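Chemist: Sharing a structure, written as structure tokens. Questions coming.
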Amino acid sequence: MDSDTFVYTTYIRTTPDELWQALTDPDLTRRYWGVAFETTWTPGASMVWDEHGRRTADPEQVVLEAKPGRLLSYTWHTFTPDWAEAVRLEQEVYERLARERRSRVTFVIEPSGDTVKLTVTHGDLEPDGTIKGLVGEGWPALISSLKSLLETGEELPEPAR
């Protein structure tokens with residue numbers, strides 16, 4: 001694994017199409033992530049992140065690849081002062097995040113018997129950056145909630161911040 005990449009793999013008892021829907025449907029992403037994406041899910045399309053009514057839009061937030069049921073990739077969101085305040089991030093941490101290069105996330109969906117193998121790769125991270133540390137904690141919790149939602153119909157409670 002490259003030092004600028006975080007990779008997380010899990011297996012979910014679902015179908016590739018159901019997993020794709022859970023990654024792209026605003027009603028579902030809002031349940032396990034607290035985020036709804038406004039986009040057409042086509043390569044080059046802009047993405048607006050809506051977190052509890054707080055919208056983050058930036059021309060560099062775009063869909064990179066979208067192959068339903070197989071692959072989804074997009075650039076990570078812009079770190080704004082409103083976002084930092086909403087997630088109760090200390091000013092110093094926010095300023096470090098805002099200086100780091102834009103990263104990208106890729107979801108690879110592969111059938112695996114009665115399950116689906118999901119590999120999340122968050123790349124283009126600063127090797128010793130703040131974002132890398134945050135995604136290292138955030139992705140396992142987020143994907144666990146996604147897995148729970150797909151397998152039981154209930155997402156996990158949001159972890160305390």
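Labels for the structure tokens follow display order: chains A, B, ..., residues from 1 in each chain, ligands from 1.
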How close does segment 13-124 of chain A get to segment 150-155 of chain A? List, as CSV, each residue of segment 13-124 of chain A within 9 Å, its nearest atom pair and the distance in Å to one decimal, counting only C-alpha atoms.

Modeler:
```
residue,atom,partner,partner_atom,distance
A:Arg13,CA,A:Glu151,CA,6.0
A:Thr14,CA,A:Leu150,CA,6.6
A:Glu18,CA,A:Leu150,CA,7.9
A:Leu19,CA,A:Leu150,CA,7.6
A:Ala22,CA,A:Leu150,CA,7.9
A:Arg31,CA,A:Glu155,CA,6.7
A:Tyr32,CA,A:Glu155,CA,5.4
```

Chemist: For segment 79-93 of chain A, please output as an MDAnalysis selection string all residues within 9 Å (counting only C-alpha atoms; exclusion window: fewer than 5 positions along the same chain).

Modeler: chainID A and resid 51 54:56 98 130 161

Chemist: Generate a file of the selected residues that holds N, CA, C and O atoms, formatted as a PDB file, in the first residue's frame.

Modeler:
```pdb
ATOM      1  N   GLU A  51     -24.792  18.044   3.890  1.00  0.00           N
ATOM      2  CA  GLU A  51     -24.725  17.441   5.224  1.00  0.00           C
ATOM      3  C   GLU A  51     -25.651  18.209   6.140  1.00  0.00           C
ATOM      4  O   GLU A  51     -25.334  19.322   6.549  1.00  0.00           O
ATOM      5  N   ARG A  54     -26.296  21.731   5.155  1.00  0.00           N
ATOM      6  CA  ARG A  54     -25.101  22.543   4.895  1.00  0.00           C
ATOM      7  C   ARG A  54     -24.483  22.016   3.602  1.00  0.00           C
ATOM      8  O   ARG A  54     -24.045  20.879   3.537  1.00  0.00           O
ATOM      9  N   ARG A  55     -24.504  22.845   2.576  1.00  0.00           N
ATOM     10  CA  ARG A  55     -24.063  22.416   1.250  1.00  0.00           C
ATOM     11  C   ARG A  55     -22.624  22.841   0.978  1.00  0.00           C
ATOM     12  O   ARG A  55     -22.267  23.975   1.233  1.00  0.00           O
ATOM     13  N   THR A  56     -21.842  21.889   0.469  1.00  0.00           N
ATOM     14  CA  THR A  56     -20.466  22.183   0.074  1.00  0.00           C
ATOM     15  C   THR A  56     -20.364  21.939  -1.426  1.00  0.00           C
ATOM     16  O   THR A  56     -20.546  20.813  -1.894  1.00  0.00           O
ATOM     17  N   ALA A  98      -7.233  22.274   5.229  1.00  0.00           N
ATOM     18  CA  ALA A  98      -7.463  23.168   4.091  1.00  0.00           C
ATOM     19  C   ALA A  98      -6.209  23.338   3.228  1.00  0.00           C
ATOM     20  O   ALA A  98      -6.316  23.651   2.040  1.00  0.00           O
ATOM     21  N   THR A 130      -3.116  15.227   7.836  1.00  0.00           N
ATOM     22  CA  THR A 130      -4.245  15.152   8.766  1.00  0.00           C
ATOM     23  C   THR A 130      -5.392  14.350   8.171  1.00  0.00           C
ATOM     24  O   THR A 130      -6.041  13.571   8.869  1.00  0.00           O
ATOM     25  N   ARG A 161     -18.629  12.362  18.691  1.00  0.00           N
ATOM     26  CA  ARG A 161     -17.471  13.146  18.218  1.00  0.00           C
ATOM     27  C   ARG A 161     -16.777  13.770  19.397  1.00  0.00           C
ATOM     28  O   ARG A 161     -17.302  14.176  20.332  1.00  0.00           O
TER      29      ARG A 161
END
```

Chemist: What gap, in Å, lies between atom CA of Thr40 of chain A and atom CA of Pro68 of chain A?

Modeler: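 Rounded to one decimal, the two atoms are 12.1 Å apart.
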
Chemist: Using the chain letters and numbers from this document, which residues of chain A does DSSP assign to strand (DSSP E), as a ChimeraX atom specification?

Modeler: /A:6-12,35-38,46-51,54-67,71-75,104-112,115-123

Chemist: Identify which of the residues A:Arg30, A:Arg101, A:His52, A:His77 lies closest to Pro127 of chain A, counting only C-alpha atoms when measuring atom-to-atom distances.

Modeler: A:Arg101

Chemist: Determine, counting only C-alpha atoms, which protein, DNA and RNA residues have an atom within 9 Å of an atom of segment 118-120 of chain A; residues of the same chain fewer than 4 positions away are not included. Present the result as a PDB file with N, CA, C and O atoms, in the first residue's frame.

Modeler:
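Output contents, as saved in part.pdb:
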```pdb
ATOM      1  N   PHE A   6      -5.163   5.038   1.646  1.00  0.00           N
ATOM      2  CA  PHE A   6      -5.817   4.235   2.679  1.00  0.00           C
ATOM      3  C   PHE A   6      -6.738   3.263   1.957  1.00  0.00           C
ATOM      4  O   PHE A   6      -7.523   3.663   1.090  1.00  0.00           O
ATOM      5  N   VAL A   7      -6.672   1.975   2.312  1.00  0.00           N
ATOM      6  CA  VAL A   7      -7.507   0.957   1.678  1.00  0.00           C
ATOM      7  C   VAL A   7      -8.258   0.194   2.762  1.00  0.00           C
ATOM      8  O   VAL A   7      -7.673  -0.187   3.779  1.00  0.00           O
ATOM      9  N   TYR A   8      -9.557  -0.030   2.514  1.00  0.00           N
ATOM     10  CA  TYR A   8     -10.387  -0.785   3.447  1.00  0.00           C
ATOM     11  C   TYR A   8     -11.259  -1.734   2.628  1.00  0.00           C
ATOM     12  O   TYR A   8     -11.924  -1.300   1.681  1.00  0.00           O
ATOM     13  N   THR A   9     -11.257  -3.019   2.983  1.00  0.00           N
ATOM     14  CA  THR A   9     -12.047  -4.020   2.275  1.00  0.00           C
ATOM     15  C   THR A   9     -12.975  -4.723   3.247  1.00  0.00           C
ATOM     16  O   THR A   9     -12.588  -5.031   4.373  1.00  0.00           O
ATOM     17  N   THR A  10     -14.201  -4.959   2.801  1.00  0.00           N
ATOM     18  CA  THR A  10     -15.161  -5.724   3.591  1.00  0.00           C
ATOM     19  C   THR A  10     -16.030  -6.541   2.646  1.00  0.00           C
ATOM     20  O   THR A  10     -16.024  -6.317   1.430  1.00  0.00           O
ATOM     21  N   TYR A  11     -16.767  -7.461   3.225  1.00  0.00           N
ATOM     22  CA  TYR A  11     -17.711  -8.276   2.466  1.00  0.00           C
ATOM     23  C   TYR A  11     -19.098  -8.016   3.027  1.00  0.00           C
ATOM     24  O   TYR A  11     -19.287  -8.008   4.245  1.00  0.00           O
ATOM     25  N   ILE A  12     -20.057  -7.792   2.134  1.00  0.00           N
ATOM     26  CA  ILE A  12     -21.411  -7.431   2.545  1.00  0.00           C
ATOM     27  C   ILE A  12     -22.395  -8.400   1.899  1.00  0.00           C
ATOM     28  O   ILE A  12     -22.312  -8.665   0.684  1.00  0.00           O
ATOM     29  N   LEU A  19     -25.709  -2.435  -3.476  1.00  0.00           N
ATOM     30  CA  LEU A  19     -24.580  -1.678  -2.923  1.00  0.00           C
ATOM     31  C   LEU A  19     -24.398  -0.379  -3.695  1.00  0.00           C
ATOM     32  O   LEU A  19     -24.199   0.683  -3.097  1.00  0.00           O
ATOM     33  N   VAL A 105     -11.669   9.268  -3.610  1.00  0.00           N
ATOM     34  CA  VAL A 105     -12.110   7.982  -3.073  1.00  0.00           C
ATOM     35  C   VAL A 105     -12.636   7.129  -4.215  1.00  0.00           C
ATOM     36  O   VAL A 105     -13.258   7.650  -5.147  1.00  0.00           O
ATOM     37  N   THR A 106     -12.340   5.833  -4.134  1.00  0.00           N
ATOM     38  CA  THR A 106     -12.799   4.884  -5.144  1.00  0.00           C
ATOM     39  C   THR A 106     -13.412   3.683  -4.445  1.00  0.00           C
ATOM     40  O   THR A 106     -12.827   3.149  -3.498  1.00  0.00           O
ATOM     41  N   PHE A 107     -14.584   3.282  -4.917  1.00  0.00           N
ATOM     42  CA  PHE A 107     -15.280   2.104  -4.412  1.00  0.00           C
ATOM     43  C   PHE A 107     -15.269   1.061  -5.525  1.00  0.00           C
ATOM     44  O   PHE A 107     -15.808   1.304  -6.606  1.00  0.00           O
ATOM     45  N   VAL A 108     -14.666  -0.099  -5.275  1.00  0.00           N
ATOM     46  CA  VAL A 108     -14.680  -1.203  -6.229  1.00  0.00           C
ATOM     47  C   VAL A 108     -15.634  -2.252  -5.672  1.00  0.00           C
ATOM     48  O   VAL A 108     -15.499  -2.686  -4.526  1.00  0.00           O
ATOM     49  N   ILE A 109     -16.608  -2.622  -6.488  1.00  0.00           N
ATOM     50  CA  ILE A 109     -17.667  -3.565  -6.105  1.00  0.00           C
ATOM     51  C   ILE A 109     -17.465  -4.845  -6.910  1.00  0.00           C
ATOM     52  O   ILE A 109     -17.495  -4.817  -8.148  1.00  0.00           O
ATOM     53  N   GLU A 110     -17.266  -5.975  -6.200  1.00  0.00           N
ATOM     54  CA  GLU A 110     -17.030  -7.241  -6.883  1.00  0.00           C
ATOM     55  C   GLU A 110     -17.912  -8.330  -6.287  1.00  0.00           C
ATOM     56  O   GLU A 110     -17.908  -8.523  -5.069  1.00  0.00           O
ATOM     57  N   PRO A 111     -18.659  -9.063  -7.128  1.00  0.00           N
ATOM     58  CA  PRO A 111     -19.430 -10.197  -6.601  1.00  0.00           C
ATOM     59  C   PRO A 111     -18.476 -11.218  -5.979  1.00  0.00           C
ATOM     60  O   PRO A 111     -17.371 -11.426  -6.467  1.00  0.00           O
ATOM     61  N   TRP A 139     -13.468   5.836   7.705  1.00  0.00           N
ATOM     62  CA  TRP A 139     -13.975   4.838   6.764  1.00  0.00           C
ATOM     63  C   TRP A 139     -14.425   3.548   7.439  1.00  0.00           C
ATOM     64  O   TRP A 139     -15.500   3.036   7.099  1.00  0.00           O
ATOM     65  N   ILE A 143     -18.240   2.440   6.747  1.00  0.00           N
ATOM     66  CA  ILE A 143     -18.527   1.229   5.987  1.00  0.00           C
ATOM     67  C   ILE A 143     -19.223   0.198   6.875  1.00  0.00           C
ATOM     68  O   ILE A 143     -20.080  -0.556   6.407  1.00  0.00           O
TER      69      ILE A 143
END
```

Chemist: Have a look at A:Gly113, A:Asp124, A:Leu134, A:Thr75 and name the one nearest to Leu97 of chain A; count only C-alpha atoms.

Modeler: A:Leu134

Chemist: Do you have the atom CA of Phe37 of chain A-atom CA of Arg70 of chain A distance handy?

Modeler: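 Atom CA of Phe37 of chain A sits 18.6 Å away from atom CA of Arg70 of chain A.
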
Chemist: Record the distance separating atom CA of Tyr74 of chain A and atom CA of Lys117 of chain A, expressed in Å with one decimal.

Modeler: 19.2 Å

Chemist: Using DSSP assignments from the backbone, pull out every residue in chain A that falls under alpha helix (DSSP H) and give it to me as a ChimeraX atom specification.

Modeler: /A:16-24,26-33,81-86,91-99,130-152

Chemist: Can you pull out every residue within 12 Å of Val62 of chain A, counting only C-alpha atoms, but drop anything in the same chain fewer than 6 positions away, and send it as a count of residues only?

Modeler: 24

Chemist: With distances taken over only C-alpha atoms, which residue among A:Asp17, A:Glu137, A:Glu95, A:Asp4 lies nearest Leu125 of chain A?

Modeler: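 Once distances to Leu125 of chain A are computed over only C-alpha atoms, the minimum belongs to A:Asp4.
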